[in-house]
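*Asks:* Sending over target.pdb (PDB, C-alpha atoms).
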ATOM      1  CA  MET A   1      12.384  31.195 -35.854  1.00  0.00           C
ATOM      2  CA  LYS A   2      11.683  34.932 -35.568  1.00  0.00           C
ATOM      3  CA  VAL A   3       9.042  34.668 -38.290  1.00  0.00           C
ATOM      4  CA  LEU A   4       7.316  31.839 -36.433  1.00  0.00           C
ATOM      5  CA  LEU A   5       7.318  33.777 -33.148  1.00  0.00           C
ATOM      6  CA  SER A   6       5.976  36.871 -34.912  1.00  0.00           C
ATOM      7  CA  ALA A   7       3.181  34.835 -36.490  1.00  0.00           C
ATOM      8  CA  ILE A   8       2.256  33.310 -33.139  1.00  0.00           C
ATOM      9  CA  ALA A   9       2.263  36.733 -31.468  1.00  0.00           C
ATOM     10  CA  ALA A  10       0.063  38.188 -34.229  1.00  0.00           C
ATOM     11  CA  ALA A  11      -2.384  35.289 -34.010  1.00  0.00           C
ATOM     12  CA  THR A  12      -2.569  35.705 -30.231  1.00  0.00           C
ATOM     13  CA  LEU A  13      -3.363  39.401 -30.577  1.00  0.00           C
ATOM     14  CA  LEU A  14      -6.056  38.737 -33.172  1.00  0.00           C
ATOM     15  CA  THR A  15      -7.634  36.065 -30.995  1.00  0.00           C
ATOM     16  CA  ALA A  16      -7.567  38.296 -27.925  1.00  0.00           C
ATOM     17  CA  GLY A  17      -9.204  41.150 -29.864  1.00  0.00           C
ATOM     18  CA  SER A  18     -11.976  38.954 -31.187  1.00  0.00           C
ATOM     19  CA  ALA A  19     -12.814  37.730 -27.681  1.00  0.00           C
ATOM     20  CA  HIS A  20     -14.102  41.225 -26.963  1.00  0.00           C
ATOM     21  CA  ALA A  21     -15.789  41.722 -30.322  1.00  0.00           C
ATOM     22  CA  VAL A  22     -19.485  42.413 -30.321  1.00  0.00           C
ATOM     23  CA  ASP A  23     -21.811  39.844 -31.904  1.00  0.00           C
ATOM     24  CA  ALA A  24     -23.655  42.393 -34.042  1.00  0.00           C
ATOM     25  CA  ALA A  25     -26.636  40.188 -34.893  1.00  0.00           C
ATOM     26  CA  ALA A  26     -27.186  39.179 -31.266  1.00  0.00           C
ATOM     27  CA  ALA A  27     -26.776  42.772 -30.038  1.00  0.00           C
ATOM     28  CA  LYS A  28     -29.237  44.097 -32.640  1.00  0.00           C
ATOM     29  CA  ALA A  29     -31.745  41.401 -31.642  1.00  0.00           C
ATOM     30  CA  LEU A  30     -31.254  42.407 -28.013  1.00  0.00           C
ATOM     31  CA  ALA A  31     -31.861  46.071 -28.913  1.00  0.00           C
ATOM     32  CA  GLN A  32     -35.054  45.047 -30.725  1.00  0.00           C
ATOM     33  CA  LYS A  33     -36.240  42.937 -27.784  1.00  0.00           C
ATOM     34  CA  SER A  34     -35.425  45.767 -25.342  1.00  0.00           C
ATOM     35  CA  GLY A  35     -37.468  48.325 -27.299  1.00  0.00           C
ATOM     36  CA  CYS A  36     -34.504  50.431 -28.423  1.00  0.00           C
ATOM     37  CA  LEU A  37     -35.366  50.136 -32.114  1.00  0.00           C
ATOM     38  CA  ALA A  38     -38.756  51.728 -31.532  1.00  0.00           C
ATOM     39  CA  CYS A  39     -36.967  55.088 -31.312  1.00  0.00           C
ATOM     40  CA  HIS A  40     -33.593  54.407 -32.976  1.00  0.00           C
ATOM     41  CA  SER A  41     -32.299  52.756 -36.130  1.00  0.00           C
ATOM     42  CA  VAL A  42     -28.813  51.952 -37.298  1.00  0.00           C
ATOM     43  CA  ASP A  43     -28.729  54.337 -40.260  1.00  0.00           C
ATOM     44  CA  ALA A  44     -31.426  57.002 -39.862  1.00  0.00           C
ATOM     45  CA  LYS A  45     -32.787  59.292 -37.192  1.00  0.00           C
ATOM     46  CA  VAL A  46     -36.183  58.159 -35.901  1.00  0.00           C
ATOM     47  CA  LEU A  47     -37.145  59.830 -32.608  1.00  0.00           C
ATOM     48  CA  GLY A  48     -33.614  59.406 -31.341  1.00  0.00           C
ATOM     49  CA  PRO A  49     -30.380  59.590 -33.292  1.00  0.00           C
ATOM     50  CA  ALA A  50     -29.179  56.927 -35.695  1.00  0.00           C
ATOM     51  CA  TYR A  51     -26.783  54.567 -33.974  1.00  0.00           C
ATOM     52  CA  LYS A  52     -24.115  55.268 -36.610  1.00  0.00           C
ATOM     53  CA  ASP A  53     -24.344  58.971 -35.692  1.00  0.00           C
ATOM     54  CA  VAL A  54     -23.886  58.095 -32.014  1.00  0.00           C
ATOM     55  CA  ALA A  55     -20.834  55.975 -32.853  1.00  0.00           C
ATOM     56  CA  ALA A  56     -19.360  58.815 -34.942  1.00  0.00           C
ATOM     57  CA  LYS A  57     -19.943  61.394 -32.206  1.00  0.00           C
ATOM     58  CA  TYR A  58     -18.161  59.318 -29.572  1.00  0.00           C
ATOM     59  CA  LYS A  59     -15.389  57.860 -31.774  1.00  0.00           C
ATOM     60  CA  GLY A  60     -12.105  58.076 -29.908  1.00  0.00           C
ATOM     61  CA  ASP A  61     -13.758  59.029 -26.599  1.00  0.00           C
ATOM     62  CA  LYS A  62     -12.421  56.563 -24.038  1.00  0.00           C
ATOM     63  CA  THR A  63     -15.204  57.495 -21.630  1.00  0.00           C
ATOM     64  CA  ALA A  64     -17.987  56.946 -24.176  1.00  0.00           C
ATOM     65  CA  GLU A  65     -18.989  53.472 -23.017  1.00  0.00           C
ATOM     66  CA  ALA A  66     -19.498  54.553 -19.400  1.00  0.00           C
ATOM     67  CA  LYS A  67     -21.294  57.776 -20.436  1.00  0.00           C
ATOM     68  CA  LEU A  68     -23.688  55.972 -22.758  1.00  0.00           C
ATOM     69  CA  ILE A  69     -24.409  53.134 -20.334  1.00  0.00           C
ATOM     70  CA  GLU A  70     -25.363  55.714 -17.718  1.00  0.00           C
ATOM     71  CA  LYS A  71     -27.478  57.661 -20.232  1.00  0.00           C
ATOM     72  CA  VAL A  72     -29.349  54.534 -21.315  1.00  0.00           C
ATOM     73  CA  LYS A  73     -29.946  53.512 -17.702  1.00  0.00           C
ATOM     74  CA  LYS A  74     -31.153  56.907 -16.455  1.00  0.00           C
ATOM     75  CA  GLY A  75     -32.528  58.446 -19.641  1.00  0.00           C
ATOM     76  CA  GLY A  76     -32.154  62.111 -20.493  1.00  0.00           C
ATOM     77  CA  ALA A  77     -32.560  64.838 -23.079  1.00  0.00           C
ATOM     78  CA  GLY A  78     -30.695  67.691 -24.670  1.00  0.00           C
ATOM     79  CA  VAL A  79     -27.712  65.960 -26.279  1.00  0.00           C
ATOM     80  CA  TRP A  80     -29.557  65.075 -29.504  1.00  0.00           C
ATOM     81  CA  GLY A  81     -32.560  67.374 -29.200  1.00  0.00           C
ATOM     82  CA  ASN A  82     -35.497  68.016 -26.907  1.00  0.00           C
ATOM     83  CA  ILE A  83     -37.214  64.628 -27.119  1.00  0.00           C
ATOM     84  CA  PRO A  84     -36.324  62.794 -23.912  1.00  0.00           C
ATOM     85  CA  MET A  85     -35.116  59.217 -23.820  1.00  0.00           C
ATOM     86  CA  PRO A  86     -36.809  57.374 -20.963  1.00  0.00           C
ATOM     87  CA  ALA A  87     -34.828  55.465 -18.361  1.00  0.00           C
ATOM     88  CA  ASN A  88     -34.250  51.855 -19.352  1.00  0.00           C
ATOM     89  CA  SER A  89     -33.185  50.491 -15.995  1.00  0.00           C
ATOM     90  CA  PRO A  90     -34.254  48.240 -14.283  1.00  0.00           C
ATOM     91  CA  GLN A  91     -36.425  46.801 -17.097  1.00  0.00           C
ATOM     92  CA  VAL A  92     -33.331  46.208 -19.254  1.00  0.00           C
ATOM     93  CA  LYS A  93     -30.548  44.326 -17.466  1.00  0.00           C
ATOM     94  CA  ASP A  94     -27.233  46.138 -16.962  1.00  0.00           C
ATOM     95  CA  GLU A  95     -25.300  43.525 -18.950  1.00  0.00           C
ATOM     96  CA  ASP A  96     -27.773  43.881 -21.830  1.00  0.00           C
ATOM     97  CA  ILE A  97     -27.363  47.668 -21.805  1.00  0.00           C
ATOM     98  CA  LYS A  98     -23.575  47.233 -21.940  1.00  0.00           C
ATOM     99  CA  THR A  99     -23.880  44.814 -24.877  1.00  0.00           C
ATOM    100  CA  ILE A 100     -26.115  47.236 -26.791  1.00  0.00           C
ATOM    101  CA  VAL A 101     -23.843  50.220 -26.078  1.00  0.00           C
ATOM    102  CA  ASP A 102     -20.747  48.288 -27.156  1.00  0.00           C
ATOM    103  CA  TRP A 103     -22.541  47.324 -30.377  1.00  0.00           C
ATOM    104  CA  VAL A 104     -23.587  50.913 -31.071  1.00  0.00           C
ATOM    105  CA  LEU A 105     -20.036  52.133 -30.508  1.00  0.00           C
ATOM    106  CA  SER A 106     -18.728  49.464 -32.896  1.00  0.00           C
ATOM    107  CA  LEU A 107     -20.748  50.793 -35.836  1.00  0.00           C
TER     108      LEU A 107
END
Kindly return the structure encoded in the file as structure tokens.
*Replies:*
Amino acid sequence: MKVLLSAIAAATLLTAGSAHAVDAAAAKALAQKSGCLACHSVDAKVLGPAYKDVAAKYKGDKTAEAKLIEKVKKGGAGVWGNIPMPANSPQVKDEDIKTIVDWVLSL
């Protein structure tokens, strides 16, 4: 009985975690459509940093999602060099920015 309850609990946790998982292909397509991949790539610096470098920099930072959403919305410079990132709001919807940021942080 304990084994069955443990298996059910584990399956519930796995299902709950996957509900919040990022659909990587859809998020990358959204980044492409939004113009993000004109200046960024997943693996290599273009004008802006590689997304894997961003994910590594913010790994373990519980405030990273909020910081990056704000940065993408308002734009800025100085964190990764002198080339400024333009503001992406309102032309990119807030929920799309969140999806892209969550994807980047998942890399």
*Asks:* Quick one: which residues end up in the PyMOL selection byres ((chain A and resi 22) around 7) for this structure, as a ChimeraX atom specification?
*Replies:* /A:20-21,23-24,102-103
*Asks:* If I take atom CA of Leu30 of chain A and atom CA of Gly60 of chain A, how far is one from the other in Å, to one decimal?
*Replies:*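 Computed distance, atom CA of Leu30 of chain A to atom CA of Gly60 of chain A, equals 24.8 Å.
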*Asks:* So which residues fall inside 12 Å of (-22.6, 56.3, -30.8) if we count only C-alpha atoms? Mind giving them as a short mmCIF file (atom, residue, chain, number, x, y, z; two decimals) with C-alpha atoms, in the coordinates of the input?
*Replies:*
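This went into result-v4.cif:
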data_model
loop_
_atom_site.label_atom_id
_atom_site.label_comp_id
_atom_site.auth_asym_id
_atom_site.auth_seq_id
_atom_site.Cartn_x
_atom_site.Cartn_y
_atom_site.Cartn_z
CA HIS A 40 -33.59 54.41 -32.98
CA SER A 41 -32.30 52.76 -36.13
CA VAL A 42 -28.81 51.95 -37.30
CA ASP A 43 -28.73 54.34 -40.26
CA GLY A 48 -33.61 59.41 -31.34
CA PRO A 49 -30.38 59.59 -33.29
CA ALA A 50 -29.18 56.93 -35.70
CA TYR A 51 -26.78 54.57 -33.97
CA LYS A 52 -24.12 55.27 -36.61
CA ASP A 53 -24.34 58.97 -35.69
CA VAL A 54 -23.89 58.10 -32.01
CA ALA A 55 -20.83 55.98 -32.85
CA ALA A 56 -19.36 58.82 -34.94
CA LYS A 57 -19.94 61.39 -32.21
CA TYR A 58 -18.16 59.32 -29.57
CA LYS A 59 -15.39 57.86 -31.77
CA GLY A 60 -12.10 58.08 -29.91
CA ASP A 61 -13.76 59.03 -26.60
CA THR A 63 -15.20 57.50 -21.63
CA ALA A 64 -17.99 56.95 -24.18
CA GLU A 65 -18.99 53.47 -23.02
CA ALA A 66 -19.50 54.55 -19.40
CA LYS A 67 -21.29 57.78 -20.44
CA LEU A 68 -23.69 55.97 -22.76
CA ILE A 69 -24.41 53.13 -20.33
CA LYS A 71 -27.48 57.66 -20.23
CA VAL A 72 -29.35 54.53 -21.32
CA VAL A 79 -27.71 65.96 -26.28
CA TRP A 80 -29.56 65.08 -29.50
CA ILE A 100 -26.12 47.24 -26.79
CA VAL A 101 -23.84 50.22 -26.08
CA ASP A 102 -20.75 48.29 -27.16
CA TRP A 103 -22.54 47.32 -30.38
CA VAL A 104 -23.59 50.91 -31.07
CA LEU A 105 -20.04 52.13 -30.51
CA SER A 106 -18.73 49.46 -32.90
CA LEU A 107 -20.75 50.79 -35.84
#
*Asks:* Please determine, counting all atoms listed in the file, which residue among A:Ala29, A:Val92, A:Ile97, A:Ile83 has the shortest atom-to-atom distance to Leu47 of chain A.
*Replies:* A:Ile83
*Asks:* Could you work out how far atom CA of Glu70 of chain A lies from atom CA of Ala87 of chain A, giving the answer in Å with one decimal?
*Replies:*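 Here the two named atoms are 9.5 Å from each other.
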